[in-house]
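**Q** Here you go, target.txt (compact mmCIF, C-alpha atoms):
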```txt
# COMPACT_ATOMS: atom_id res chain seq x y z
CA MET A 1 -6.28 17.52 10.06
CA PHE A 2 -6.09 14.15 8.30
CA ALA A 3 -6.48 15.57 4.79
CA ASP A 4 -3.80 18.18 5.50
CA ARG A 5 -1.36 15.61 6.89
CA LEU A 6 -2.04 13.16 4.07
CA GLY A 7 -1.39 15.89 1.52
CA ALA A 8 1.75 17.03 3.31
CA ALA A 9 3.01 13.43 3.49
CA ALA A 10 2.39 12.96 -0.24
CA ARG A 11 4.34 16.12 -1.09
CA THR A 12 7.23 15.20 1.19
CA ILE A 13 7.46 11.69 -0.23
CA GLN A 14 7.30 13.02 -3.79
CA ALA A 15 10.12 15.46 -3.03
CA ARG A 16 12.23 12.57 -1.73
CA PHE A 17 11.48 10.54 -4.87
CA ASP A 18 12.39 13.52 -7.04
CA ASP A 19 15.70 13.84 -5.21
CA VAL A 20 16.61 10.14 -5.24
CA LEU A 21 15.50 9.40 -8.81
CA GLY A 22 16.91 12.69 -10.05
CA ARG A 23 20.40 11.38 -9.33
CA LEU A 24 20.01 8.44 -11.71
CA ASP A 25 21.00 8.33 -15.38
CA ASP A 26 18.73 9.82 -18.04
CA LEU A 27 17.37 6.50 -19.35
CA PRO A 28 13.90 5.19 -20.31
CA VAL A 29 13.84 2.84 -17.32
CA VAL A 30 14.48 5.77 -14.96
CA HIS A 31 11.78 7.85 -16.66
CA ALA A 32 9.44 4.89 -16.19
CA MET A 33 10.34 4.73 -12.49
CA ARG A 34 9.53 8.42 -12.13
CA HIS A 35 6.23 7.92 -13.94
CA ALA A 36 5.31 5.02 -11.66
CA THR A 37 6.04 7.02 -8.50
CA GLN A 38 3.94 10.06 -9.46
CA GLY A 39 0.56 10.67 -7.88
CA GLY A 40 -1.51 8.46 -5.62
CA LYS A 41 -2.70 9.17 -2.10
CA ARG A 42 0.50 7.82 -0.47
CA LEU A 43 -1.54 6.17 2.28
CA ARG A 44 1.16 3.61 3.08
CA GLY A 45 3.88 6.25 3.37
CA PHE A 46 1.55 8.36 5.47
CA LEU A 47 1.05 5.42 7.85
CA VAL A 48 4.81 5.13 8.29
CA LEU A 49 5.15 8.84 9.09
CA GLU A 50 2.20 8.84 11.49
CA SER A 51 3.18 5.66 13.32
CA ALA A 52 6.69 7.13 13.67
CA ARG A 53 5.23 10.35 15.07
CA LEU A 54 3.43 8.30 17.74
CA HIS A 55 6.83 7.09 18.90
CA ASP A 56 8.60 10.46 18.66
CA ILE A 57 10.71 9.48 15.65
CA ALA A 58 11.95 12.54 13.76
CA PRO A 59 10.46 13.06 10.27
CA ASP A 60 13.92 13.24 8.70
CA ARG A 61 14.33 9.60 9.74
CA SER A 62 10.84 8.25 9.02
CA ILE A 63 10.73 9.78 5.53
CA TRP A 64 13.13 7.09 4.30
CA PRO A 65 10.98 4.05 5.17
CA ALA A 66 7.90 6.05 4.10
CA THR A 67 9.41 6.54 0.64
CA ALA A 68 10.60 2.92 0.65
CA ILE A 69 7.10 1.51 1.09
CA GLU A 70 5.80 3.74 -1.67
CA ALA A 71 8.58 2.54 -3.97
CA LEU A 72 7.70 -1.06 -3.22
CA HIS A 73 3.99 -0.38 -3.68
CA ALA A 74 4.73 1.33 -7.03
CA TYR A 75 6.73 -1.69 -8.19
CA SER A 76 3.81 -3.97 -7.34
CA LEU A 77 1.41 -1.81 -9.36
CA VAL A 78 3.72 -1.69 -12.39
CA HIS A 79 3.94 -5.49 -12.45
CA ASP A 80 0.28 -5.99 -11.53
CA ASP A 81 -0.76 -3.88 -14.54
CA LEU A 82 1.20 -6.03 -17.03
CA PRO A 83 -0.70 -8.05 -19.66
CA CYS A 84 0.39 -11.32 -18.02
CA MET A 85 -1.37 -10.25 -14.82
CA ASP A 86 -4.25 -7.74 -14.70
CA ASP A 87 -3.58 -6.20 -18.13
CA ASP A 88 -4.54 -2.63 -17.23
CA ASP A 89 -4.17 0.45 -19.42
CA LEU A 90 -4.80 3.07 -16.72
CA ARG A 91 -3.25 3.73 -13.31
CA ARG A 92 -3.75 6.85 -11.19
CA GLY A 93 -5.47 8.41 -14.18
CA GLN A 94 -2.39 7.98 -16.39
CA PRO A 95 -1.27 5.31 -18.91
CA THR A 96 0.31 2.31 -17.21
CA VAL A 97 4.08 1.95 -17.62
CA HIS A 98 3.94 -0.85 -20.19
CA ARG A 99 1.52 1.22 -22.29
CA LYS A 100 3.59 4.41 -22.11
CA TRP A 101 6.84 2.52 -22.82
CA ASP A 102 6.84 -1.27 -23.32
CA GLU A 103 6.60 -4.47 -21.30
CA ALA A 104 10.36 -4.96 -20.91
CA THR A 105 10.79 -1.42 -19.56
CA ALA A 106 7.88 -2.00 -17.17
CA VAL A 107 9.44 -5.21 -15.81
CA LEU A 108 12.81 -3.54 -15.31
CA ALA A 109 11.31 -0.38 -13.77
CA GLY A 110 9.39 -2.54 -11.31
CA ASP A 111 12.50 -4.54 -10.47
CA ALA A 112 14.46 -1.34 -9.88
CA LEU A 113 11.76 0.15 -7.65
CA GLN A 114 11.71 -3.02 -5.54
CA SER A 115 15.49 -2.82 -5.09
CA LEU A 116 15.22 0.90 -4.32
CA ALA A 117 12.76 0.17 -1.50
CA PHE A 118 15.32 -1.97 0.32
CA GLU A 119 18.08 0.53 -0.37
CA LEU A 120 16.03 3.33 1.21
CA VAL A 121 14.89 1.37 4.26
CA THR A 122 18.43 0.25 5.11
CA ARG A 123 20.08 3.68 4.80
CA PRO A 124 21.79 4.88 8.00
CA ASP A 125 19.47 7.93 7.82
CA THR A 126 16.56 5.61 8.74
CA SER A 127 18.03 4.67 12.11
CA PRO A 128 21.47 4.89 13.71
CA ASP A 129 20.94 1.32 14.97
CA PRO A 130 21.77 -1.27 12.27
CA ALA A 131 19.64 -3.85 14.10
CA VAL A 132 16.57 -1.63 13.67
CA ARG A 133 17.28 -1.19 9.96
CA ALA A 134 17.78 -4.93 9.56
CA ASP A 135 14.50 -5.62 11.36
CA LEU A 136 12.62 -3.22 9.08
CA ALA A 137 14.17 -4.84 5.99
CA LEU A 138 13.39 -8.38 7.19
CA ARG A 139 9.79 -7.43 7.92
CA LEU A 140 9.50 -5.74 4.52
CA ALA A 141 10.88 -8.82 2.75
CA ARG A 142 8.31 -11.02 4.47
CA ALA A 143 5.46 -8.56 3.83
CA SER A 144 6.27 -8.25 0.14
CA GLY A 145 7.21 -11.84 -0.73
CA ALA A 146 5.69 -15.31 -0.76
CA GLU A 147 4.36 -14.89 2.79
CA GLY A 148 2.66 -11.58 1.99
CA MET A 149 1.92 -9.51 -1.10
CA VAL A 150 3.19 -11.97 -3.72
CA LEU A 151 1.19 -14.75 -2.06
CA GLY A 152 -1.91 -12.58 -2.24
CA GLN A 153 -1.28 -11.75 -5.89
CA ALA A 154 -0.80 -15.44 -6.71
CA LEU A 155 -4.08 -16.29 -4.98
CA ASP A 156 -5.77 -13.45 -6.87
CA ILE A 157 -4.63 -14.87 -10.21
CA ALA A 158 -5.70 -18.38 -9.16
CA ALA A 159 -9.16 -17.03 -8.27
CA GLU A 160 -9.84 -16.38 -11.96
CA THR A 161 -9.52 -20.04 -12.97
CA VAL A 162 -10.66 -22.08 -9.95
CA GLN A 163 -13.61 -24.41 -10.51
CA THR A 164 -15.03 -23.67 -7.06
CA PRO A 165 -15.31 -19.94 -6.28
CA PHE A 166 -13.30 -18.68 -3.34
CA SER A 167 -15.02 -18.58 0.03
CA LEU A 168 -15.07 -15.61 2.38
CA ASP A 169 -12.12 -17.11 4.27
CA ASP A 170 -10.22 -17.54 1.01
CA ILE A 171 -10.85 -13.92 0.00
CA THR A 172 -9.81 -12.72 3.45
CA ARG A 173 -6.54 -14.68 3.22
CA LEU A 174 -5.95 -13.28 -0.27
CA GLN A 175 -6.49 -9.73 0.96
CA ARG A 176 -4.25 -10.15 3.99
CA GLY A 177 -1.42 -10.81 1.57
CA LYS A 178 -2.14 -8.69 -1.48
CA THR A 179 -3.22 -5.49 0.26
CA GLY A 180 -2.94 -6.02 4.00
CA ALA A 181 0.71 -7.07 4.32
CA LEU A 182 2.19 -3.77 3.11
CA ILE A 183 -0.35 -1.76 5.09
CA GLU A 184 0.63 -3.72 8.21
CA TRP A 185 4.33 -3.10 7.57
CA ALA A 186 3.68 0.62 7.11
CA ALA A 187 1.53 1.02 10.20
CA THR A 188 3.96 -0.85 12.45
CA ALA A 189 7.15 0.75 11.07
CA GLY A 190 7.04 3.56 13.64
CA ALA A 191 6.94 1.10 16.51
CA VAL A 192 9.87 -0.83 15.01
CA LEU A 193 11.82 2.41 14.61
CA GLY A 194 11.05 3.30 18.22
CA GLN A 195 11.78 -0.27 19.42
CA ALA A 196 8.31 -0.39 20.97
CA ASP A 197 5.62 -3.08 21.02
CA PRO A 198 4.02 -3.10 17.54
CA THR A 199 0.97 -5.16 18.63
CA PRO A 200 -1.60 -2.31 18.91
CA LEU A 201 -0.60 -0.95 15.51
CA GLN A 202 -0.63 -4.46 14.09
CA HIS A 203 -4.26 -4.91 15.19
CA TYR A 204 -5.08 -1.49 13.75
CA ALA A 205 -3.43 -2.34 10.43
CA ARG A 206 -5.12 -5.71 10.02
CA ALA A 207 -8.56 -4.19 10.50
CA LEU A 208 -7.64 -1.22 8.29
CA GLY A 209 -6.23 -3.43 5.53
CA LEU A 210 -9.37 -5.56 5.38
CA ALA A 211 -11.58 -2.46 5.36
CA PHE A 212 -9.42 -1.03 2.57
CA GLN A 213 -9.91 -4.10 0.37
CA ILE A 214 -13.65 -4.21 1.00
CA ALA A 215 -13.81 -0.53 0.02
CA ASP A 216 -11.87 -1.37 -3.17
CA ASP A 217 -14.36 -4.13 -3.98
CA VAL A 218 -17.23 -1.70 -3.40
CA LEU A 219 -15.60 0.88 -5.69
CA ASP A 220 -15.15 -1.78 -8.37
CA VAL A 221 -18.95 -2.07 -8.40
CA THR A 222 -20.07 1.50 -7.69
CA GLY A 223 -17.21 3.66 -8.98
CA ASP A 224 -16.19 4.92 -12.40
CA SER A 225 -12.74 4.91 -13.96
CA ALA A 226 -12.50 8.71 -14.03
CA THR A 227 -12.99 8.92 -10.26
CA VAL A 228 -11.11 5.78 -9.24
CA GLY A 229 -8.20 6.34 -11.66
CA LYS A 230 -8.19 2.79 -13.00
CA ALA A 231 -10.53 0.38 -14.75
CA VAL A 232 -13.56 -0.78 -12.75
CA GLY A 233 -15.88 -3.76 -13.05
CA LYS A 234 -13.06 -6.14 -13.95
CA ASP A 235 -13.63 -8.53 -11.03
CA ALA A 236 -17.25 -9.09 -12.00
CA ASP A 237 -16.30 -9.52 -15.66
CA ALA A 238 -13.71 -12.14 -14.67
CA GLY A 239 -16.24 -13.95 -12.46
CA LYS A 240 -14.02 -13.59 -9.39
CA ALA A 241 -15.48 -13.82 -5.90
CA THR A 242 -15.15 -10.58 -3.93
CA PHE A 243 -16.41 -9.29 -0.60
CA VAL A 244 -19.29 -7.64 -2.45
CA SER A 245 -20.24 -10.74 -4.45
CA LEU A 246 -20.14 -12.90 -1.30
CA LEU A 247 -21.71 -10.49 1.20
CA GLY A 248 -23.78 -8.17 -0.94
CA LEU A 249 -23.13 -4.45 -1.31
CA GLU A 250 -24.80 -3.18 1.88
CA THR A 251 -23.41 -5.93 4.11
CA ALA A 252 -19.92 -5.39 2.70
CA GLN A 253 -20.15 -1.65 3.39
CA GLN A 254 -21.31 -2.35 6.96
CA ARG A 255 -18.48 -4.84 7.47
CA ALA A 256 -15.99 -2.19 6.40
CA THR A 257 -17.55 0.29 8.84
CA ASP A 258 -17.29 -2.25 11.67
CA LEU A 259 -13.65 -2.90 10.84
CA VAL A 260 -12.91 0.82 11.02
CA ALA A 261 -14.36 0.84 14.54
CA GLU A 262 -12.10 -2.10 15.44
CA ALA A 263 -9.09 -0.28 14.01
CA CYS A 264 -9.84 2.86 16.03
CA ASP A 265 -10.36 0.86 19.23
CA SER A 266 -6.88 -0.64 18.80
CA LEU A 267 -5.36 2.82 19.18
CA GLN A 268 -6.94 3.80 22.50
CA GLY A 269 -3.65 3.42 24.35
CA TYR A 270 -2.09 6.24 22.32
CA GLY A 271 -4.72 8.79 23.34
CA ALA A 272 -5.24 11.95 21.31
CA LYS A 273 -1.93 11.47 19.44
CA ALA A 274 -3.58 8.73 17.38
CA GLU A 275 -6.54 10.81 16.18
CA THR A 276 -5.07 11.28 12.69
CA LEU A 277 -4.65 7.53 12.29
CA LYS A 278 -8.28 7.09 13.30
CA GLU A 279 -9.28 9.63 10.66
CA ALA A 280 -7.24 7.65 8.13
CA ALA A 281 -9.30 4.56 8.91
CA ARG A 282 -12.55 6.48 8.49
CA PHE A 283 -11.31 7.86 5.16
CA VAL A 284 -10.84 4.35 3.80
CA VAL A 285 -14.57 3.69 4.15
CA THR A 286 -15.93 7.08 3.16
CA ARG A 287 -14.14 6.93 -0.20
CA ALA A 288 -16.35 3.93 -1.07
CA HIS A 289 -19.70 5.48 -0.07
```
For this file, produce the structure as structure tokens.

**A**
Amino acid sequence: MFADRLGAAARTIQARFDDVLGRLDDLPVVHAMRHATQGGKRLRGFLVLESARLHDIAPDRSIWPATAIEALHAYSLVHDDLPCMDDDDLRRGQPTVHRKWDEATAVLAGDALQSLAFELVTRPDTSPDPAVRADLALRLARASGAEGMVLGQALDIAAETVQTPFSLDDITRLQRGKTGALIEWAATAGAVLGQADPTPLQHYARALGLAFQIADDVLDVTGDSATVGKAVGKDADAGKATFVSLLGLETAQQRATDLVAEACDSLQGYGAKAETLKEAARFVVTRAH
């Protein structure tokens, strides 16, 4: 069920990207935006669609914030891959935007994708209630900015040059911003759309986000670039502290498994309707084993 729904979500989101970006001018920056929004598992968009389904929000409404979070995530990857940051040549098995075009095009494509995310999430199609759309946009701004993803990215860069390696608490704080903030926004978007209490989904997302980052750290040690779709081993080469370097491989894998159990427990109040979200949490760990 999960694999089918994840695949269906990815196709639906891609179709929406094709429609939205297909209306823009035939320019290199637009081609770069299309390139950046191709492929990937679309886990964040899937979480929006599934959390919306829990609250009986129609798919023709939830597809807009689902595509928005994928646009914002794509922007973050385009900028993260730049030489001034992670300096990566490969993303989702394809050349990174600055390699396929140039650095200026990559910066502008990322900027445009970030703007597009807010355009999509504030469309009247998302919700007939402007207060709901404003709430989603405010939460997205906080999740993506200096309180969330950007903070995490800044901490990640700082981790490469600090004299004292980051502690487990430091790494956890870094993750909560860099990876966890957008996952939390995505998983709680359905509750916001339905004007329901987002707390259970917030607990789910925080456990899921941490498990996701631990799995990424495990894959950086055990994976290969052909399977993962990007360079591996870079954290160790840079001497950065990770969950694996601090906990050891087996303990890190067990910690991720425990977090998945916590995430699933947070969803008990939704009953059988939440089974697909539980499967999503289990998927995060199994991809790293």

**Q** With all atoms listed in the file as the atoms that count, which of A:Ala181, A:Leu54, A:Val48, A:Leu113 lies nearest to Arg142 in chain A?

**A**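 Nearest candidate to Arg142 in chain A out of A:Ala181, A:Leu54, A:Val48, A:Leu113: A:Ala181.
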
**Q** Tell me which protein, DNA and RNA residues are within 8 Å of Asp81 in chain A, counting only C-alpha atoms, leaving out same-chain ones fewer than 6 positions away, and put them as a ChimeraX atom specification.

**A** /A:87-89,96,98

**Q** Restricted to C-alpha atoms, what would the selected residues look like written as a CSV table (one decimal), in the coordinates of the input?

**A**
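The resulting file, selection.csv, is reproduced below:
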```csv
chain,number,residue,atom,x,y,z
A,87,ASP,CA,-3.6,-6.2,-18.1
A,88,ASP,CA,-4.5,-2.6,-17.2
A,89,ASP,CA,-4.2,0.4,-19.4
A,96,THR,CA,0.3,2.3,-17.2
A,98,HIS,CA,3.9,-0.8,-20.2
```

**Q** Pick the closest to Ala241 in chain A from A:Ser62, A:Gln114, A:Gln38, A:Ser167: which is it, counting all atoms listed in the file?

**A** A:Ser167

**Q** So, with all atoms listed in the file as the atoms that count, which of A:Gly269, A:Phe2, A:Val107, A:Asp217 lies closest to Cys84 in chain A?

**A**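 Closest to Cys84 in chain A, using all atoms listed in the file: A:Val107.
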
**Q** Hey, can you pull every residue with an atom no more than 10 Å from (5.8, -10.4, -1.5), using all atoms listed in the file, and send it as a list in words?

**A**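 Within 10 Å of (5.8, -10.4, -1.5), the protein and nucleic acid residues are Leu72, Ser76, Leu140, Ala141, Arg142, Ala143, Ser144, Gly145, Ala146, Glu147, Gly148, Met149, Val150, Leu151, Gly152, Gln153, Ala154, Gly177, Lys178, Ala181 and Leu182 of chain A.
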
**Q** Considering only C-alpha atoms, return as an NGL selection string whatever protein or nucleic-acid residues lie within 9 Å of Ala280 in chain A, sequence-local ones (same chain, fewer than 4 positions apart) excluded.

**A** :A and (2-3 or 6 or 43 or 47 or 208 or 275-276 or 284)

**Q** Of the residues A:Gln94, A:Gln195, A:Ser266, A:Thr164, which is the one nearest to Ala131 in chain A, using only C-alpha atoms?

**A**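 For Ala131 in chain A, the nearest of the given residues is A:Gln195.
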
**Q** Quick one: pull the distance between CA of Ile157 in chain A and CA of His79 in chain A, Å, one decimal.

**A**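 Rounded to one decimal, the two atoms are 12.9 Å apart.
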
**Q** May I ask for the distance between CA of Ala137 in chain A and CA of Thr122 in chain A, given in Å to one decimal place?

**A**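 Value for the CA of Ala137 in chain A-CA of Thr122 in chain A distance: 6.7 Å.
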
**Q** Leaving out Arg42 in chain A and any residue of its chain fewer than 3 positions from it, which residues lie within 10 Å of it when counting only C-alpha atoms, given as a PyMOL selection string?

**A** chain A and resi 6-7+9-11+13-14+37-39+45-47+66-67+69-70+73

**Q** Name the closest residue to Thr105 in chain A among the candidates A:Pro28, A:Gly248, A:Pro198, A:Gly209; distances are taken between atoms, counting all atoms listed in the file.

**A**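 For Thr105 in chain A, the nearest of the candidates is A:Pro28.
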
**Q** Which residues of range 92-139 of chain A sit at most 12 Å from range 16-23 of chain A, using all atoms listed in the file? Give each one's shortest atom pair and distance in Å (one decimal place), in chain and ascending residue order, as a Markdown table.

**A**
```
| residue | atom | partner | partner_atom | distance |
| --- | --- | --- | --- | --- |
| A:Ala109 | CA | A:Leu21 | CA | 11.7 |
| A:Ala112 | CA | A:Leu21 | CA | 10.8 |
| A:Leu113 | CA | A:Leu21 | CA | 10.0 |
| A:Leu116 | CA | A:Val20 | CA | 9.4 |
| A:Ala117 | CA | A:Phe17 | CA | 11.0 |
| A:Glu119 | CA | A:Val20 | CA | 10.9 |
| A:Leu120 | CA | A:Val20 | CA | 9.4 |
```

**Q** Let me make sure I understand: among A:Ala281, A:Leu246, A:Leu136, A:Ala58, which one has the smallest atom-to-atom distance to Asp258 in chain A if we use all atoms listed in the file?

**A**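 That would be A:Ala281, the residue with the smallest distance to Asp258 in chain A.
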
**Q** With all atoms of range 26-37 of chain A from the file as input, state the centre and edge lengths in Å to one decimal of the axis-aligned box that has 4 Å extra on each side, as JSON.

**A**
```
{"center_x": 12.0, "center_y": 6.3, "center_z": -14.4, "size_x": 21.4, "size_y": 15.0, "size_z": 19.8}
```

**Q** Just give me the gap between CA of Pro65 in chain A and CA of Thr257 in chain A in Å, one decimal is fine.

**A**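 If I compute the distance from CA of Pro65 in chain A to CA of Thr257 in chain A, I get 29.0 Å.
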
**Q** Would you list the residues near (9.0, 3.5, 21.0) (no more than 10 Å away, in the coordinates of the file, using only C-alpha atoms) as a list in words?

**A** Ser51, Ala52, Arg53, Leu54, His55, Asp56, Ile57, Gly190, Ala191, Val192, Leu193, Gly194, Gln195, Ala196, Asp197 and Pro198 of chain A

**Q** List the spatial neighbours of Ser245 in chain A as a list in words - criterion: any atom at most 10 Å away, only C-alpha atoms, same-chain residues fewer than 2 positions off excluded.

**A**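 These residues fall inside the cut-off: Leu168, Asp217, Val218, Val221, Asp235, Ala236, Gly239, Lys240, Ala241, Thr242, Phe243, Leu247, Gly248, Leu249 and Ala252 of chain A.
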
**Q** May I have the selected residues written with C-alpha atoms, as a PDB file, keeping the file's coordinate frame?

**A**
```
ATOM      1  CA  LEU A 168     -15.070 -15.610   2.380  1.00  0.00           C
ATOM      2  CA  ASP A 217     -14.360  -4.130  -3.980  1.00  0.00           C
ATOM      3  CA  VAL A 218     -17.230  -1.700  -3.400  1.00  0.00           C
ATOM      4  CA  VAL A 221     -18.950  -2.070  -8.400  1.00  0.00           C
ATOM      5  CA  ASP A 235     -13.630  -8.530 -11.030  1.00  0.00           C
ATOM      6  CA  ALA A 236     -17.250  -9.090 -12.000  1.00  0.00           C
ATOM      7  CA  GLY A 239     -16.240 -13.950 -12.460  1.00  0.00           C
ATOM      8  CA  LYS A 240     -14.020 -13.590  -9.390  1.00  0.00           C
ATOM      9  CA  ALA A 241     -15.480 -13.820  -5.900  1.00  0.00           C
ATOM     10  CA  THR A 242     -15.150 -10.580  -3.930  1.00  0.00           C
ATOM     11  CA  PHE A 243     -16.410  -9.290  -0.600  1.00  0.00           C
ATOM     12  CA  LEU A 247     -21.710 -10.490   1.200  1.00  0.00           C
ATOM     13  CA  GLY A 248     -23.780  -8.170  -0.940  1.00  0.00           C
ATOM     14  CA  LEU A 249     -23.130  -4.450  -1.310  1.00  0.00           C
ATOM     15  CA  ALA A 252     -19.920  -5.390   2.700  1.00  0.00           C
TER      16      ALA A 252
END
```

**Q** Within 12 Å of Pro95 in chain A, counting all atoms listed in the file, which residues show up once you throw out same-chain ones fewer than 3 positions away? Write them as a PDB file with C-alpha atoms, in the frame of the given file, please.

**A**
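Below you can see around09.pdb, which holds the result:
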```
ATOM      1  CA  ALA A  32       9.440   4.890 -16.190  1.00  0.00           C
ATOM      2  CA  HIS A  35       6.230   7.920 -13.940  1.00  0.00           C
ATOM      3  CA  ALA A  36       5.310   5.020 -11.660  1.00  0.00           C
ATOM      4  CA  GLN A  38       3.940  10.060  -9.460  1.00  0.00           C
ATOM      5  CA  VAL A  78       3.720  -1.690 -12.390  1.00  0.00           C
ATOM      6  CA  ASP A  81      -0.760  -3.880 -14.540  1.00  0.00           C
ATOM      7  CA  LEU A  82       1.200  -6.030 -17.030  1.00  0.00           C
ATOM      8  CA  ASP A  87      -3.580  -6.200 -18.130  1.00  0.00           C
ATOM      9  CA  ASP A  88      -4.540  -2.630 -17.230  1.00  0.00           C
ATOM     10  CA  ASP A  89      -4.170   0.450 -19.420  1.00  0.00           C
ATOM     11  CA  LEU A  90      -4.800   3.070 -16.720  1.00  0.00           C
ATOM     12  CA  ARG A  91      -3.250   3.730 -13.310  1.00  0.00           C
ATOM     13  CA  ARG A  92      -3.750   6.850 -11.190  1.00  0.00           C
ATOM     14  CA  HIS A  98       3.940  -0.850 -20.190  1.00  0.00           C
ATOM     15  CA  ARG A  99       1.520   1.220 -22.290  1.00  0.00           C
ATOM     16  CA  LYS A 100       3.590   4.410 -22.110  1.00  0.00           C
ATOM     17  CA  TRP A 101       6.840   2.520 -22.820  1.00  0.00           C
ATOM     18  CA  ASP A 102       6.840  -1.270 -23.320  1.00  0.00           C
ATOM     19  CA  ALA A 106       7.880  -2.000 -17.170  1.00  0.00           C
ATOM     20  CA  GLY A 229      -8.200   6.340 -11.660  1.00  0.00           C
ATOM     21  CA  LYS A 230      -8.190   2.790 -13.000  1.00  0.00           C
ATOM     22  CA  ALA A 231     -10.530   0.380 -14.750  1.00  0.00           C
TER      23      ALA A 231
END
```

**Q** Would you mind completing range 6-20 of chain A to N, CA, C and O atoms and writing the output as a tab-separated table (two decimals), in the frame of the given file?

**A**
```
chain	number	residue	atom	x	y	z
A	6	LEU	N	-2.19	14.08	5.20
A	6	LEU	CA	-2.04	13.16	4.07
A	6	LEU	C	-1.43	13.90	2.88
A	6	LEU	O	-0.52	13.39	2.22
A	7	GLY	N	-1.94	15.08	2.61
A	7	GLY	CA	-1.39	15.89	1.52
A	7	GLY	C	0.05	16.27	1.76
A	7	GLY	O	0.89	16.21	0.83
A	8	ALA	N	0.37	16.66	2.98
A	8	ALA	CA	1.75	17.03	3.31
A	8	ALA	C	2.67	15.82	3.18
A	8	ALA	O	3.81	15.95	2.67
A	9	ALA	N	2.21	14.65	3.62
A	9	ALA	CA	3.01	13.43	3.49
A	9	ALA	C	3.27	13.12	2.02
A	9	ALA	O	4.40	12.77	1.64
A	10	ALA	N	2.25	13.24	1.19
A	10	ALA	CA	2.39	12.96	-0.24
A	10	ALA	C	3.43	13.88	-0.87
A	10	ALA	O	4.27	13.44	-1.66
A	11	ARG	N	3.38	15.16	-0.52
A	11	ARG	CA	4.34	16.12	-1.09
A	11	ARG	C	5.77	15.84	-0.62
A	11	ARG	O	6.73	15.92	-1.40
A	12	THR	N	5.90	15.48	0.66
A	12	THR	CA	7.23	15.20	1.19
A	12	THR	C	7.83	13.95	0.56
A	12	THR	O	9.02	13.91	0.21
A	13	ILE	N	6.99	12.93	0.40
A	13	ILE	CA	7.46	11.69	-0.23
A	13	ILE	C	7.82	11.94	-1.69
A	13	ILE	O	8.84	11.44	-2.20
A	14	GLN	N	7.00	12.72	-2.39
A	14	GLN	CA	7.30	13.02	-3.79
A	14	GLN	C	8.62	13.77	-3.91
A	14	GLN	O	9.42	13.50	-4.82
A	15	ALA	N	8.85	14.71	-3.00
A	15	ALA	CA	10.12	15.46	-3.03
A	15	ALA	C	11.30	14.52	-2.83
A	15	ALA	O	12.36	14.68	-3.47
A	16	ARG	N	11.14	13.53	-1.96
A	16	ARG	CA	12.23	12.57	-1.73
A	16	ARG	C	12.45	11.70	-2.97
A	16	ARG	O	13.59	11.42	-3.36
A	17	PHE	N	11.35	11.28	-3.61
A	17	PHE	CA	11.48	10.54	-4.87
A	17	PHE	C	12.20	11.38	-5.92
A	17	PHE	O	13.09	10.89	-6.62
A	18	ASP	N	11.78	12.64	-6.04
A	18	ASP	CA	12.39	13.52	-7.04
A	18	ASP	C	13.89	13.63	-6.81
A	18	ASP	O	14.69	13.63	-7.77
A	19	ASP	N	14.29	13.72	-5.55
A	19	ASP	CA	15.70	13.84	-5.21
A	19	ASP	C	16.46	12.55	-5.53
A	19	ASP	O	17.50	12.57	-6.20
A	20	VAL	N	15.92	11.42	-5.07
A	20	VAL	CA	16.61	10.14	-5.24
A	20	VAL	C	16.67	9.74	-6.71
A	20	VAL	O	17.73	9.35	-7.23
```
